[in-house]
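Trainee: Okay, handing you the structure first.
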Amino acid sequence: MQAEPTRTAAEETPATDAPAGLPLFEAAGVEIPPYVEELTQGKPLGPVMKKLYVSIQQRKAQKAEPPAPEEEKPEPLPLVDEEALAEIADPLEREARRREKIRMYKEHPDALRHYTEISERLKAERNKPIMLEPWANDKRAAPNAVFRSALFPALNNKQKRKFIKEYKVYSISGLEVIFTGEQFDQTDLDVYLEILNLAKTVPLGQPVRFSAYSLLKALKWGVGGSQHKRLHSVLIRLCGGVIDANDHTARYFGQLIFGGIRDEITHDYEITINPNFAKLFGFGLWSAIDLEQRRALERNSTAKALHAYYSTHAAPGLHRYDTLASIVGLEGKNRRDVKASLIRAHEELKRVGFLVSYDAKPNGIEVVINMTEGQQQHVIRKITKQPRSKAGYGNPKYQDPARR
């Protein structure tokens with residue numbers, strides 16, 4: 001029997017779908033790199049090696065994952081609709097409402113134009129610069145969280161400031177204030193009130209510009225080198241303190257003022273008020289105090305703190321000594337000394353004309369303040385039980401009688 005002729009490796013390779021007369025690698029659309037050409041040129045198994053290379057490249061191409069399709073973005077709707085849809089928790093219901101809105105607007109183009117105009121007006125309103133509600137030039141104002149708490153305690157010059165972390169300072173019922181940083185005092189409050197007064201003419205979030213000289217003159221500090229250094233230290237401290245204020249309807253946390261810039265040649269400052277904390281003004285949660293009376297109290301920190309606190313009331317009632325001591329931050333002192341200090345402070349408030357009278361009773365102090373016209377109207381309305389205007393404390397248009 002005649003032996004079967006030996007087959008070459010090329011003959012054993014299965015046939016391909018390459019068109020006649022066209023090399024396999026060209027039919028497959030695979031480019032042969034130069035180094036493969038060099039290795040297979042003139043070699044007996046050259047065609048086989050090229051064919052193997054093409055097969056490997058084809059398999060790699062088949063294994064490669066196709067690119068993920070781009071996620072289809074939902075068709076945008078007017079802002080009022082987008083905000084309403086964002087409040088729907090169920091994604092299926094939200095998508096169904098979106099499709100319904102799109103269908104409705106396609107059928108009623110006038111409705112789309114109407115709600116688009118409303119949305120544009122809403123955007124314009126929100127983008128308007130926020131200004132502090134103005135107060136009289138002979139007043140100084142701050143959020144009630146400042147005046148109705150021991151955030152700015154009555155420290156004396158001999159007391160060393162503490163660095164505290166998440167410390168709950170004393171505040172009246174309905175308000176919670178937590179502080180982190182180096183302790184403030186009534187001197188720091190003087191500076192903060194002056195900066196807020198400058199800020200009432202500037203949109204919140206934009207720099208408040210002033211010279212160190214003008215601020216020192218407003219504070220009645222003098223304008224020497226030591227006063228410049230003292231002012232800068234206060235500004236650093238105000239930047240570093242973090243306030244966490246909660247009135248049980250909203251919580252505001254952050255610095256009272258952000259950092260700023262000082263020109264070392266002119267001594268001019270640019271300071272930015274924290275717009276989030278200052279928004280407390282916009283919700284009626286602020287009060288104003290008489291500037292001349294506060295200045296007349298000079299260095300009596302206890303009297304200054306009481307003056308700020310009482311200014312948030314139209315007709316304060318009896319206050320226990322312990323309560324008053326906590327409000328002004330008189331901690332860790334002899335009860336008899338605290339009582340004497342509080343009585344002396346009330347005498348100072350009477351001297352500057354803030355109090356008509358006060359009665360130091362065994363269990364506390366009852367005061368009669370020299371009410372403004374607005375406060376008198378408030379008290380009369382309260383006595384006669386007349387309904388208050390719809391513009392209440394939650395309405396920016398409400399005018400707190402303590403501010404007038």
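Letters A, B, ... go to the chains of the structure tokens in the order shown; residues in each chain start at 1; ligands are counted from 1 in the same order.
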Run DSSP on the backbone and give me the residues of region 51-298 of chain A it puts in strand (DSSP E), as number ranges by chain.

Mentor: A: 139-143, 163-169, 176-182, 208-211, 242-246, 251-255, 257-262, 268-273, 286-290

Trainee: Extract the full set of alpha helix (DSSP H) residues from region 8-230 of chain A according to DSSP on the backbone, and format it as a ChimeraX atom specification.

Mentor: /A:9-12,24-27,34-40,46-63,79-86,91-107,109-127,144-147,186-199,212-219,225-230

Trainee: With C-alpha atoms kept, could you save the residues just selected as a compact mmCIF listing (two decimals), in the first residue's frame?

Mentor:
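Writing the result to result.txt gives the following:
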```txt
# COMPACT_ATOMS: atom_id res chain seq x y z
CA ALA A 9 1.30 22.71 8.80
CA ALA A 10 -0.09 25.15 6.27
CA GLU A 11 -2.18 22.42 4.67
CA GLU A 12 -3.58 21.35 8.05
CA LEU A 24 -5.91 36.66 4.98
CA PHE A 25 -4.67 39.55 7.11
CA GLU A 26 -5.90 42.11 4.60
CA ALA A 27 -9.33 40.45 4.38
CA PRO A 34 6.81 45.67 10.95
CA TYR A 35 8.38 43.38 13.53
CA VAL A 36 5.99 40.54 12.52
CA GLU A 37 6.85 41.07 8.84
CA GLU A 38 10.56 40.92 9.70
CA LEU A 39 10.19 37.71 11.69
CA THR A 40 8.14 35.92 9.00
CA GLY A 46 5.81 32.73 7.66
CA PRO A 47 2.25 32.60 6.31
CA VAL A 48 1.18 30.41 9.21
CA MET A 49 2.65 32.83 11.76
CA LYS A 50 0.90 35.76 10.11
CA LYS A 51 -2.31 33.82 10.12
CA LEU A 52 -1.88 33.02 13.82
CA TYR A 53 -1.22 36.70 14.59
CA VAL A 54 -4.40 37.72 12.73
CA SER A 55 -6.43 35.11 14.64
CA ILE A 56 -5.14 36.39 18.01
CA GLN A 57 -5.99 39.99 17.13
CA GLN A 58 -9.49 38.98 16.02
CA ARG A 59 -10.14 37.16 19.27
CA LYS A 60 -8.96 40.20 21.26
CA ALA A 61 -11.33 42.38 19.30
CA GLN A 62 -14.22 39.98 19.97
CA LYS A 63 -13.50 39.93 23.73
CA LEU A 79 -37.33 75.25 37.55
CA VAL A 80 -40.64 75.18 39.45
CA ASP A 81 -41.36 71.71 38.04
CA GLU A 82 -37.83 70.40 38.64
CA GLU A 83 -38.00 71.46 42.30
CA ALA A 84 -41.44 69.88 42.71
CA LEU A 85 -40.20 66.62 41.15
CA ALA A 86 -37.12 66.60 43.40
CA PRO A 91 -38.09 57.34 41.50
CA LEU A 92 -40.79 55.54 39.51
CA GLU A 93 -43.46 58.02 40.52
CA ARG A 94 -41.03 60.88 39.86
CA GLU A 95 -40.31 59.61 36.33
CA ALA A 96 -44.01 59.10 35.64
CA ARG A 97 -44.74 62.68 36.71
CA ARG A 98 -41.92 63.92 34.50
CA ARG A 99 -43.34 62.11 31.44
CA GLU A 100 -46.76 63.52 32.23
CA LYS A 101 -45.36 67.06 32.44
CA ILE A 102 -43.45 66.69 29.16
CA ARG A 103 -46.57 65.39 27.40
CA MET A 104 -48.66 68.23 28.81
CA TYR A 105 -46.18 70.89 27.69
CA LYS A 106 -45.98 69.41 24.18
CA GLU A 107 -49.76 69.68 23.92
CA PRO A 109 -46.84 75.24 24.57
CA ASP A 110 -48.41 78.32 26.19
CA ALA A 111 -48.30 76.58 29.56
CA LEU A 112 -44.60 75.83 29.05
CA ARG A 113 -43.90 79.49 28.29
CA HIS A 114 -45.92 80.57 31.35
CA TYR A 115 -44.06 78.35 33.82
CA THR A 116 -40.71 79.09 32.18
CA GLU A 117 -41.31 82.81 32.78
CA ILE A 118 -42.22 82.10 36.42
CA SER A 119 -39.04 80.06 36.81
CA GLU A 120 -36.88 82.81 35.30
CA ARG A 121 -38.36 85.38 37.67
CA LEU A 122 -37.70 83.01 40.58
CA LYS A 123 -34.07 82.59 39.50
CA ALA A 124 -33.64 86.35 39.21
CA GLU A 125 -35.11 86.87 42.67
CA ARG A 126 -32.81 84.28 44.22
CA ASN A 127 -29.77 85.78 42.51
CA ASN A 144 -30.69 87.46 68.96
CA ALA A 145 -28.42 84.43 69.27
CA VAL A 146 -25.68 86.96 70.13
CA PHE A 147 -27.64 89.05 72.62
CA GLN A 186 -17.76 92.23 75.22
CA THR A 187 -14.84 94.00 73.54
CA ASP A 188 -15.08 91.51 70.68
CA LEU A 189 -18.81 92.24 70.51
CA ASP A 190 -18.07 95.98 70.14
CA VAL A 191 -15.93 95.23 67.09
CA TYR A 192 -18.44 92.77 65.62
CA LEU A 193 -21.29 95.28 65.98
CA GLU A 194 -19.29 97.96 64.16
CA ILE A 195 -18.47 95.57 61.30
CA LEU A 196 -22.14 94.55 61.02
CA ASN A 197 -23.08 98.22 60.90
CA LEU A 198 -20.70 98.73 57.97
CA ALA A 199 -22.07 95.59 56.32
CA ALA A 212 -8.25 100.47 60.75
CA TYR A 213 -8.13 104.17 61.65
CA SER A 214 -11.86 104.73 61.00
CA LEU A 215 -12.88 101.62 62.94
CA LEU A 216 -10.68 102.53 65.89
CA LYS A 217 -12.18 106.01 65.92
CA ALA A 218 -15.70 104.52 65.88
CA LEU A 219 -14.75 102.26 68.80
CA GLY A 225 0.18 101.08 67.45
CA SER A 226 -1.06 99.02 70.40
CA GLN A 227 -4.69 99.70 69.44
CA HIS A 228 -4.01 98.61 65.84
CA LYS A 229 -2.49 95.38 67.16
CA ARG A 230 -5.42 94.86 69.54
```

Trainee: Pick the closest to Ala245 (chain A) from A:Ile327, A:Leu280, A:Val368, A:Ala305: which is it, counting only C-alpha atoms?

Mentor: A:Leu280

Trainee: Hey, can you check how far CA of Phe163 (chain A) sits from CA of Lys339 (chain A)?

Mentor: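 For CA of Phe163 (chain A) relative to CA of Lys339 (chain A), the distance reads 27.1 Å.
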
Trainee: In Å, with one decimal, what is the gap from CA of Ile178 (chain A) to CA of Ser149 (chain A)?

Mentor: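 Computing it gives 10.0 Å between the two atoms.
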
Trainee: Using CA of Asn363 (chain A) and CA of Arg299 (chain A) as the two end points, give the distance in Å to one decimal.

Mentor: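 These atoms are spaced 27.1 Å apart.
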
Trainee: Counting only C-alpha atoms, which of A:Leu231, A:Ile236, A:Leu204, A:Ala314 gets nearest to Leu355 (chain A)?

Mentor: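 Smallest separation from Leu355 (chain A) among the options: A:Ala314.
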
Trainee: Quick one: contact table of region 248-268 of chain A to region 205-210 of chain A, 12 Å max, nearest atom pair and distance in Å to one decimal per residue, counting only C-alpha atoms, chain and number order, as a tab-separated table?

Mentor:
```
residue	atom	partner	partner_atom	distance
A:Leu256	CA	A:Gly205	CA	11.8
A:Ile257	CA	A:Gly205	CA	9.9
A:Phe258	CA	A:Gly205	CA	9.3
A:Gly259	CA	A:Pro207	CA	9.8
A:Gly260	CA	A:Pro207	CA	7.9
A:Ile261	CA	A:Pro207	CA	9.4
A:Arg262	CA	A:Phe210	CA	9.8
A:Asp263	CA	A:Phe210	CA	10.8
A:Thr266	CA	A:Phe210	CA	10.6
A:His267	CA	A:Phe210	CA	9.0
A:Asp268	CA	A:Phe210	CA	5.8
```

Trainee: Suppose we keep C-alpha atoms; can you now write the selection as a compact mmCIF listing (two decimals), in the first residue's frame?

Mentor:
```txt
# COMPACT_ATOMS: atom_id res chain seq x y z
CA LEU A 256 -19.31 85.06 62.38
CA ILE A 257 -16.89 86.54 59.87
CA PHE A 258 -14.69 84.92 57.27
CA GLY A 259 -11.06 85.85 56.72
CA GLY A 260 -10.02 89.06 55.09
CA ILE A 261 -7.16 91.09 53.67
CA ARG A 262 -5.17 93.87 55.31
CA ASP A 263 -3.07 96.33 53.34
CA THR A 266 -2.59 101.82 54.28
CA HIS A 267 -3.90 99.53 57.08
CA ASP A 268 -7.14 99.12 55.13
```

Trainee: Just want the 9 Å neighbourhood of Lys162 (chain A), counted on only C-alpha atoms, with same-chain residues fewer than 4 positions away dropped. Output as JSON, numbers by chain.

Mentor: {"A": [181, 182, 183]}

Trainee: Would you mind telling me which residue in A:Gly329, A:Ala141, A:Asp185, A:Ala360 lies nearest to Val169 (chain A) when using only C-alpha atoms?

Mentor: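 Among A:Gly329, A:Ala141, A:Asp185, A:Ala360, it is A:Gly329 that comes nearest to Val169 (chain A).
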
Trainee: Under the rule that only C-alpha atoms are counted, which of A:Ala315, A:Ile365, A:Val328, A:Leu349 is the nearest residue to Asn156 (chain A)?

Mentor: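 Answer, going by the shortest atom-to-atom distance: A:Val328.
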